[in-house]
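Single-structure report; data block below.
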Amino acid sequence: MANLTVFDHPLIQHKVSILRDVKTSSNQFRTLVEEITMLMSYEALRDLPLEEVEVETPITKTKTNMIAGVKLAIIPILRAGLGMVNGMLTLVPSARVGHIGMYRDEETLIPHPYYCKLPANIEERLSIVVDPMLATGGSAVDAINQLKNQGAKRIKFMCLIAAPEGINKLMEEHPDVDIFCAHVDEKLNEHGYIVPGLGDAGDRIFGTK
Ligand code: PRP
Ligand code: URA
């Protein structure tokens, strides 16, 4: 069964509260999304494998640990997932980035895929799918289906705000995918928006409304 990690760190809670505020500007919103992603990545990457290497310090030779050549792929779900990419790249600059394009039909809430470009050898990589919002879970489930169809085997999902409905759906459809989220909110409203949520993440990141 998938693991769900919800972050109770005060720094993350504080930054999520500013994100929610309707008065927060797009400029500040983008910075906060990046910062929160970076803080969450620290924990989400906790199980990266290590290998022992020899290093010569100014004093002596010593055996010490470094991250074993793990191949990481960050996969943002467009558009809003793009806002999370740099936060993770700051910690793992050598990661590759794939893109899955998808938008939710406003009436049916069904996701419509329109783009998919993944790094080579996706089957050898740890893939981290990023999207700030997990609402009905339709977009995340579909994106992970696409990844698996292209051969990805080890997948994690990271979001900022999740609705219980989305968590349940994702866990049901992809029990092998660990989920990391900064906060679990109360519910979805009749338009499929997370309550209290933060509104439309894509619009707030890119200033399109
Ligand atoms: C938002 C969000 C997720 C999706 C979540 O994207 O970024 O991808 O909705 O909803 P779901 O869990 O019910 O599928 P949206 O479809 O609004 O596209 P955008 O990022 O291009 O604005
Ligand atoms: N997508 C968003 O951007 N916000 C929500 O609350 C739900 C889906």
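Ligands are numbered from 1 in the order shown, residues from 1 within each chain, and chains are lettered A, B, ... in the order they appear in the structure tokens.
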Review point. Near A:Met38, counting only C-alpha atoms, which residues have an atom at most 9 Å away, once you skip same-chain residues fewer than 3 positions from it, shown as a count of residues only?
Key: 12
Review point. Which protein, DNA or RNA residues have an atom within 8 Å of ligand 2, counting only C-alpha atoms and all ligand atoms, as a list in words?
Key: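 Residues satisfying the distance criterion: Ala80, Arg104, Pro132, Met133, Leu134, Ala135, Thr136, Leu188, Gly192, Tyr193, Ile194, Val195, Gly197, Leu198, Gly199, Asp200, Ala201, Gly202 and Asp203 of chain A.
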Preceding selection exported with N, CA and C atoms as a tab-separated table (two decimals), in the first residue's frame:
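Below is the file that was written, part_36.tsv:
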chain	number	residue	atom	x	y	z
A	80	ALA	N	0.61	23.79	-13.92
A	80	ALA	CA	1.00	24.24	-12.59
A	80	ALA	C	2.22	23.50	-12.03
A	104	ARG	N	-7.93	19.89	-17.04
A	104	ARG	CA	-9.20	19.35	-16.57
A	104	ARG	C	-10.35	20.04	-17.26
A	132	PRO	N	0.98	20.97	-7.95
A	132	PRO	CA	0.60	21.56	-6.65
A	132	PRO	C	-0.72	21.04	-6.11
A	133	MET	N	-1.66	20.65	-7.00
A	133	MET	CA	-3.00	20.33	-6.53
A	133	MET	C	-3.40	18.89	-6.86
A	134	LEU	N	-3.88	18.17	-5.85
A	134	LEU	CA	-4.47	16.83	-6.05
A	134	LEU	C	-5.93	16.97	-5.64
A	135	ALA	N	-6.81	17.14	-6.62
A	135	ALA	CA	-8.22	17.43	-6.30
A	135	ALA	C	-9.05	16.15	-6.42
A	136	THR	N	-9.62	15.87	-7.61
A	136	THR	CA	-10.33	14.58	-7.77
A	136	THR	C	-9.33	13.44	-7.90
A	188	LEU	N	-13.73	18.78	-1.60
A	188	LEU	CA	-13.89	19.46	-2.89
A	188	LEU	C	-15.23	20.18	-2.89
A	192	GLY	N	-15.34	21.12	-8.15
A	192	GLY	CA	-14.11	20.33	-8.13
A	192	GLY	C	-12.91	21.09	-7.62
A	193	TYR	N	-13.13	22.23	-6.96
A	193	TYR	CA	-12.01	22.98	-6.36
A	193	TYR	C	-11.82	22.55	-4.91
A	194	ILE	N	-10.57	22.57	-4.48
A	194	ILE	CA	-10.25	22.17	-3.12
A	194	ILE	C	-10.65	23.28	-2.15
A	195	VAL	N	-11.29	22.87	-1.04
A	195	VAL	CA	-11.75	23.80	0.00
A	195	VAL	C	-10.98	23.51	1.30
A	197	GLY	N	-8.31	25.27	0.14
A	197	GLY	CA	-7.46	25.34	-1.04
A	197	GLY	C	-6.71	26.64	-1.22
A	198	LEU	N	-6.38	26.94	-2.46
A	198	LEU	CA	-5.70	28.20	-2.78
A	198	LEU	C	-6.16	28.74	-4.12
A	199	GLY	N	-7.26	28.17	-4.64
A	199	GLY	CA	-7.77	28.60	-5.94
A	199	GLY	C	-7.15	27.80	-7.06
A	200	ASP	N	-7.05	28.41	-8.23
A	200	ASP	CA	-6.48	27.73	-9.40
A	200	ASP	C	-4.96	27.93	-9.41
A	201	ALA	N	-4.24	26.86	-9.14
A	201	ALA	CA	-2.78	26.98	-8.97
A	201	ALA	C	-2.11	27.51	-10.23
A	202	GLY	N	-2.53	27.01	-11.40
A	202	GLY	CA	-1.92	27.46	-12.66
A	202	GLY	C	-2.11	28.95	-12.86
A	203	ASP	N	-3.33	29.41	-12.64
A	203	ASP	CA	-3.60	30.85	-12.81
A	203	ASP	C	-2.80	31.68	-11.83
Report as a PDB file with C-alpha atoms, in the first residue's frame which protein, DNA and RNA residues come within 10 Å of ligand 1, using only C-alpha atoms and all ligand atoms.
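Below is the file that was written, out-v7.pdb:
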ATOM      1  CA  PRO A  76       5.692  18.196 -13.786  1.00  0.00           C
ATOM      2  CA  ILE A  77       2.052  17.973 -14.845  1.00  0.00           C
ATOM      3  CA  LEU A  78       1.526  21.102 -16.990  1.00  0.00           C
ATOM      4  CA  ARG A  79       0.909  23.806 -16.337  1.00  0.00           C
ATOM      5  CA  ALA A  80       0.997  24.238 -12.588  1.00  0.00           C
ATOM      6  CA  GLY A  81       3.549  21.466 -11.957  1.00  0.00           C
ATOM      7  CA  LEU A  82       6.154  23.618 -13.714  1.00  0.00           C
ATOM      8  CA  GLY A  83       6.190  25.849 -10.648  1.00  0.00           C
ATOM      9  CA  ILE A 100       3.083  15.674 -19.103  1.00  0.00           C
ATOM     10  CA  GLY A 101       0.521  18.142 -20.425  1.00  0.00           C
ATOM     11  CA  MET A 102      -3.012  17.825 -19.166  1.00  0.00           C
ATOM     12  CA  TYR A 103      -5.984  20.061 -18.423  1.00  0.00           C
ATOM     13  CA  ARG A 104      -9.204  19.349 -16.567  1.00  0.00           C
ATOM     14  CA  ASP A 105     -12.492  19.860 -18.371  1.00  0.00           C
ATOM     15  CA  GLU A 106     -14.257  22.470 -16.227  1.00  0.00           C
ATOM     16  CA  THR A 108     -16.808  17.009 -16.353  1.00  0.00           C
ATOM     17  CA  LEU A 109     -13.517  17.395 -14.371  1.00  0.00           C
ATOM     18  CA  ILE A 110     -12.069  14.711 -16.652  1.00  0.00           C
ATOM     19  CA  PRO A 111      -8.376  15.312 -17.505  1.00  0.00           C
ATOM     20  CA  HIS A 112      -7.440  15.761 -21.165  1.00  0.00           C
ATOM     21  CA  PRO A 113      -3.859  14.822 -21.996  1.00  0.00           C
ATOM     22  CA  VAL A 130       4.897  17.041  -9.280  1.00  0.00           C
ATOM     23  CA  ASP A 131       1.659  19.048  -9.339  1.00  0.00           C
ATOM     24  CA  PRO A 132       0.601  21.558  -6.652  1.00  0.00           C
ATOM     25  CA  MET A 133      -3.004  20.332  -6.532  1.00  0.00           C
ATOM     26  CA  LEU A 134      -4.466  16.831  -6.052  1.00  0.00           C
ATOM     27  CA  ALA A 135      -8.217  17.430  -6.301  1.00  0.00           C
ATOM     28  CA  THR A 136     -10.329  14.584  -7.773  1.00  0.00           C
ATOM     29  CA  GLY A 137      -7.060  12.765  -8.484  1.00  0.00           C
ATOM     30  CA  GLY A 138      -7.942  12.317 -12.171  1.00  0.00           C
ATOM     31  CA  SER A 139      -4.908  14.209 -13.505  1.00  0.00           C
ATOM     32  CA  ALA A 140      -2.396  12.475 -11.225  1.00  0.00           C
ATOM     33  CA  VAL A 141      -3.796   9.003 -11.958  1.00  0.00           C
ATOM     34  CA  ASP A 142      -3.762   9.634 -15.713  1.00  0.00           C
ATOM     35  CA  ALA A 143      -0.222  11.090 -15.665  1.00  0.00           C
ATOM     36  CA  CYS A 159       1.766  17.950  -4.337  1.00  0.00           C
ATOM     37  CA  ILE A 161      -2.512  20.683  -1.321  1.00  0.00           C
ATOM     38  CA  ALA A 162      -4.525  17.467  -1.507  1.00  0.00           C
ATOM     39  CA  ALA A 163      -8.218  16.711  -1.104  1.00  0.00           C
ATOM     40  CA  GLU A 165     -10.974  12.385  -2.557  1.00  0.00           C
ATOM     41  CA  GLY A 166      -7.769  12.679  -4.617  1.00  0.00           C
ATOM     42  CA  ILE A 167      -5.631  10.848  -2.086  1.00  0.00           C
ATOM     43  CA  LYS A 169      -8.316   7.698  -5.739  1.00  0.00           C
ATOM     44  CA  LEU A 170      -4.544   7.818  -6.226  1.00  0.00           C
ATOM     45  CA  LEU A 188     -13.892  19.455  -2.891  1.00  0.00           C
ATOM     46  CA  HIS A 191     -16.869  22.772  -9.088  1.00  0.00           C
ATOM     47  CA  GLY A 192     -14.111  20.328  -8.133  1.00  0.00           C
ATOM     48  CA  TYR A 193     -12.014  22.979  -6.363  1.00  0.00           C
ATOM     49  CA  ILE A 194     -10.252  22.166  -3.119  1.00  0.00           C
ATOM     50  CA  GLY A 199      -7.771  28.605  -5.940  1.00  0.00           C
ATOM     51  CA  ASP A 200      -6.475  27.732  -9.401  1.00  0.00           C
ATOM     52  CA  ALA A 201      -2.783  26.978  -8.968  1.00  0.00           C
ATOM     53  CA  GLY A 202      -1.916  27.456 -12.661  1.00  0.00           C
ATOM     54  CA  ASP A 203      -3.604  30.846 -12.811  1.00  0.00           C
ATOM     55  CA  ARG A 204      -1.930  31.984  -9.603  1.00  0.00           C
ATOM     56  CA  ILE A 205       1.547  30.864 -10.710  1.00  0.00           C
ATOM     57  CA  PHE A 206       1.312  32.355 -14.178  1.00  0.00           C
ATOM     58  CA  THR A 208      -3.536  34.290 -15.993  1.00  0.00           C
TER      59      THR A 208
END
Exercise for review: Name the residues of stretch 81-162 of chain A that fall into helix (DSSP H, G or I) according to DSSP on the backbone, using the chain letters and numbers of this document, as a list in words.
Suggested key: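 Across stretch 81-162 of chain A, those assigned helix (DSSP H, G or I) are Leu82, Gly83, Met84, Val85, Asn86, Gly87, Met88, Leu89, Thr90, Leu91, Ile122, Glu123, Glu124, Gly138, Ser139, Ala140, Val141, Asp142, Ala143, Ile144, Asn145, Gln146, Leu147, Lys148 and Asn149 of chain A.
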**Study point:** Within 12 Å of A:Thr24 using only C-alpha atoms, minus same-chain residues under 4 positions, as an MDAnalysis selection string
**Key:** chainID A and resid 15:20 28:33 198:199 204:205 207
Check your understanding: DSSP says strand (DSSP E) for which residues of stretch 30-176 of chain A? Put them as a ChimeraX atom specification?
Key -> /A:50-56,61-67,72-78,96-97,99-104,111-117,126-130,133-134,154-162
**Study point:** stretch 3-14 of chain A surroundings by only C-alpha atoms, 7 Å radius, close-in-sequence under 3 positions cut, as an NGL selection string
**Key:** :A and (17-18 or 36 or 178-183)
**Study point:** Nearest residue to A:Ala152 from the set A:Ile75, A:Val92, A:Val85, A:Met171 (distances using only C-alpha atoms)
**Key:**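 Nearest candidate to A:Ala152 out of A:Ile75, A:Val92, A:Val85, A:Met171: A:Ile75.
Between atom CA of A:Pro58 and atom CA of A:Ser94 the separation is 27.3 Å.
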Review point. For A:Arg125, which residue among A:Ala73, A:Ile144, A:Val177, A:Ile67 is the nearest when counting only C-alpha atoms?
Key: A:Ala73
Who sits within 8 Å of A:Leu50, only C-alpha atoms, same chain under 5 positions skipped, as a compact mmCIF listing (two decimals) with all heavy atoms, in the first residue's frame:
# COMPACT_ATOMS: atom_id res chain seq x y z
N ASN A 65 30.19 8.69 2.42
CA ASN A 65 29.05 8.33 1.57
C ASN A 65 28.69 9.42 0.58
O ASN A 65 28.69 10.61 0.90
CB ASN A 65 27.81 8.06 2.44
CG ASN A 65 27.93 6.75 3.18
OD1 ASN A 65 28.54 5.82 2.67
ND2 ASN A 65 27.37 6.68 4.36
N MET A 66 28.31 8.98 -0.61
CA MET A 66 27.74 9.90 -1.61
C MET A 66 26.54 9.20 -2.23
O MET A 66 26.41 7.98 -2.16
CB MET A 66 28.76 10.26 -2.68
CG MET A 66 29.86 11.15 -2.15
SD MET A 66 30.99 11.71 -3.42
CE MET A 66 30.08 13.08 -4.07
N ILE A 67 25.66 9.99 -2.86
CA ILE A 67 24.48 9.40 -3.49
C ILE A 67 24.94 8.52 -4.66
O ILE A 67 25.71 8.97 -5.52
CB ILE A 67 23.52 10.51 -3.97
CG1 ILE A 67 22.92 11.21 -2.74
CG2 ILE A 67 22.41 9.95 -4.84
CD1 ILE A 67 22.16 12.46 -3.04
N ALA A 68 24.48 7.27 -4.64
CA ALA A 68 24.85 6.34 -5.70
C ALA A 68 24.19 6.79 -6.99
O ALA A 68 23.03 7.20 -6.97
CB ALA A 68 24.38 4.93 -5.32
